[in-house]
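Some notes on the structure that comes next.
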Amino acid sequence: MQIAFIVSYFPSVSETFILNQIVGLLERGYEVDIYAEQIGNNLTIHPDVKKYRLLERTYYLPQVPENYVWRLFKGIGLLLANGFQAPGLLMHSLNFIKYEKQALSLYLLYTAIPSLKKKYDIVHCQFGALSFRAMAFCTINAPQSKLITAFRGYDISGFIQKKGIHIYNDLFKKEIFLLPNCEYLKQLVLKLGCSEKRVAVHRSGIDCSRFLFIPRYLPPNGRIQIITIGRFVQKKGIDYSIRAFAKLTNKHQNIEYNIIGDGSLRSNIEQLIRELNVSESVKLLGWKQQEECIEILNNSHILIAPSVTGQDGDQEGIPNVLKEAMAMGLPVISTLHAGIPEVVEDGISGFLVPERDVDTMSEKLNYLIEHPEVWHSMGRAGRTRIEKDYNTQKLNDELVKIYQQLLNLGEG
C-alpha cells in the first residue's frame, strides 16, 4: 500500500500525532510520502524525523496565493518552469470544461507534480482546511486513490466561522471518508451536512512506551511543580491559568509554574506575568524537544491545559499534551471544551472547569496542592484511560483497517 500524507507544515514540533501515524505505517511495511505546503521548524526536529529519514520522503507543494491576480501571475511562472517536463499534465490541469472550479481556481495547476512516478492507494489529508489541496492532488496526480480527510479542531470551528458554513459542500458531495479525532468534532461535521455513513471517529494517539507512568508524590523539599505545554495562541487559554495560579502565590510559597511553548501572544503573556507580580514563580521555557518535554513532565506534579474557544471561533479537538501527561501519571486540570471531556474524567483523573473560569480553576488547583495524597490515584486512572483509548499502536492498527476497508469497497 502506498500512502500520501497532505499536511500544512513538515516537520512540525507540535504535530507529533501526525508523526506517530507516519512512523506507525512505515513500521508496518507501508510506503508513506509527505506533501507539505510549507517547511516547518527545522531547528527543533523530533528524533523520529531523523531516524526514519522522513525529510527524504517530504515534498513541498507551491503555496496557492489568496489573491487571484497574484495566483494567476505565479501560475504562469509554474507553467514556464515545469511545462517542459510534462506539458500534457499541466495543460490537463487547465481543462476548465472537465474540472470546472478545480481548474479555474488553479488548484490543479499548483498541485500537479510533473515528476511524480508513484501511484498512491490512499491520500490522507491531515486537516479539513487542506481538503481543497488534497482533492486537487487526487484529481491531477492520483485519480485511482481513496481520499481520507481528518478534522482536528480549527478546521471545523474557526475555519468555518471565517469561510462560512458551506465551505465544505464540495468535500461532502464527493466519496471521501472523514475522520474527526473526537466525538465532539464528529457532531460538528454531521451538522454541516455530511452523511454519517462517511464519518468515523479516529482518535489521535500517543506512544505510551515513550511516556512512562511515574506515581506522583509530594517531593521531600515540598516544592510543587505545575506545568503547561502549548502554543501561545488564544485558544490555549494560558493567560487564564496564569491568573488562576497567581491567586495562590500568597497562600502557597512552595509552588512553581513552568510553561513550555511560544507564539504570537508571548509579549502579552510576559506583560501579564509582570502585572500579576509572579515573575519569580512563573517561568516561560520556550519550545523544547519532545525528550526535553518528557523530562520536565517527569519532574512535574500537576498539568494544566486551560483551552478556550477563541474569539475567531477556533477550538481544539483534544490537546495531545493532556494525553501525554495523563499517561505519565500527572493529575490534570482542564476545561469543558470540545473533546476534552472525552478523555479527562472529572474528579477521577483530574478536574474539568468551565472555560475562562479563573476562580474555579484556582480552586481546583488549590485542592490538588493541598491534597497530594490524591495524585497517585488520579494519575493511575489517567494512565489506564490513555492505554485503553489513545495508544498509538492500537490506533495505527485501526487506521490500517480503515484504509483496507476503503480499498476493498473500491474493488467491490
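Quick note on naming: the chains in the C-alpha cells go A, B, ... in the order shown, residues restart at 1 in each chain, and ligands are numbered from 1 in order of appearance.
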**Request:** Write down as a ChimeraX atom specification the residues belonging to range 192-283 of chain A that are assigned strand (DSSP E) by DSSP computed on the backbone.
**Result:** /A:224-229,255-260,282-283
Would you give me, as a tab-separated table, each residue of range 148-170 of chain A having an atom within 10 Å of an atom of range 121-127 of chain A, along with its shortest atom pair and that distance in Å to one decimal, using only C-alpha atoms and sorting by chain and residue number?
residue	atom	partner	partner_atom	distance
A:Ile148	CA	A:His124	CA	4.8
A:Thr149	CA	A:Cys125	CA	4.6
A:Ala150	CA	A:Gln126	CA	5.0
A:Phe151	CA	A:Phe127	CA	5.3
A:Arg152	CA	A:Phe127	CA	6.4
A:Gly153	CA	A:Phe127	CA	8.6
A:Tyr154	CA	A:Phe127	CA	8.7
A:Asp155	CA	A:Phe127	CA	6.4
A:Ile156	CA	A:Phe127	CA	9.2
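For the set A:Cys194, A:Thr249, A:Ser105, A:Tyr35, the residue with the smallest atom-to-atom gap to Lys174 in chain A is A:Cys194, counting only C-alpha atoms.
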**Message:** If we count only C-alpha atoms and set the cut-off at 10 Å, which residues sit around Glu355 in chain A, ignoring sequence neighbours fewer than 3 positions away in its own chain? Please answer as a ChimeraX atom specification.
**Reply:** /A:237,240,306-309,334-337,352,358,360-361
**Message:** Would you pick out the contacts of Thr44 in chain A at 8 Å or less, using only C-alpha atoms, so that residues sharing its chain but fewer than 2 positions from it are not included, and give the list as a PyMOL selection string?
**Reply:** chain A and resi 13+41-42+46+288-289
**Asked** What gap, in Å, lies between CA of Gly158 in chain A and CA of Met326 in chain A?
**Response** 27.4 Å
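Distance-wise, CA of Gln225 in chain A and CA of Gly205 in chain A end up 25.6 Å apart.
Shortest atom-to-atom contact with Val353 in chain A among A:Ala244, A:Leu179, A:Thr392, A:Val321: A:Ala244, counting only C-alpha atoms.
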**Request:** From range 225-351 of chain A, collect each residue whose DSSP state is helix (DSSP H, G or I) and return the set as a ChimeraX atom specification.
**Result:** /A:234-236,238-246,266-275,290-298,320-327,340-342
Hey, which bits of range 113-204 of chain A sit within 12 Å of range 63-78 of chain A, and for each residue what's the closest pair of atoms and how far apart in Å (one decimal), counting only C-alpha atoms, rows by chain and increasing number, as JSON lines?
{"residue": "A:Ile113", "atom": "CA", "partner": "A:Leu78", "partner_atom": "CA", "distance": 10.8}
{"residue": "A:Pro114", "atom": "CA", "partner": "A:Leu78", "partner_atom": "CA", "distance": 10.9}
{"residue": "A:Leu130", "atom": "CA", "partner": "A:Val64", "partner_atom": "CA", "distance": 11.4}
{"residue": "A:Phe132", "atom": "CA", "partner": "A:Val64", "partner_atom": "CA", "distance": 10.9}
{"residue": "A:Arg133", "atom": "CA", "partner": "A:Val64", "partner_atom": "CA", "distance": 9.1}
{"residue": "A:Ala136", "atom": "CA", "partner": "A:Val64", "partner_atom": "CA", "distance": 11.9}
May I have the selected residues written with C-alpha atoms, as a short mmCIF file (atom, residue, chain, number, x, y, z; two decimals), in the first residue's frame?
data_model
loop_
_atom_site.label_atom_id
_atom_site.label_comp_id
_atom_site.auth_asym_id
_atom_site.auth_seq_id
_atom_site.Cartn_x
_atom_site.Cartn_y
_atom_site.Cartn_z
CA ILE A 113 3.62 17.16 -9.96
CA PRO A 114 5.25 16.54 -13.36
CA LEU A 130 -6.33 21.32 3.38
CA PHE A 132 -9.17 21.53 -1.34
CA ARG A 133 -5.48 20.88 -1.95
CA ALA A 136 -6.77 18.62 -6.31
#
Within 9 Å of range 254-264 of chain A, which residues of range 155-240 of chain A come that close, and what is the closest atom pair and distance in Å for each? Count only C-alpha atoms and give it as CSV.
residue,atom,partner,partner_atom,distance
A:Asn221,CA,A:Asn254,CA,8.8
A:Gly222,CA,A:Asn254,CA,6.4
A:Arg223,CA,A:Asn254,CA,4.8
A:Ile224,CA,A:Ile255,CA,4.8
A:Gln225,CA,A:Glu256,CA,5.1
A:Ile226,CA,A:Tyr257,CA,4.7
A:Ile227,CA,A:Asn258,CA,4.9
A:Thr228,CA,A:Ile259,CA,4.9
A:Ile229,CA,A:Ile260,CA,4.7
A:Gly230,CA,A:Gly261,CA,5.2
A:Arg231,CA,A:Gly261,CA,5.1
A:Phe232,CA,A:Gly263,CA,4.3
A:Val233,CA,A:Gly263,CA,6.3
A:Ile238,CA,A:Ile259,CA,8.7
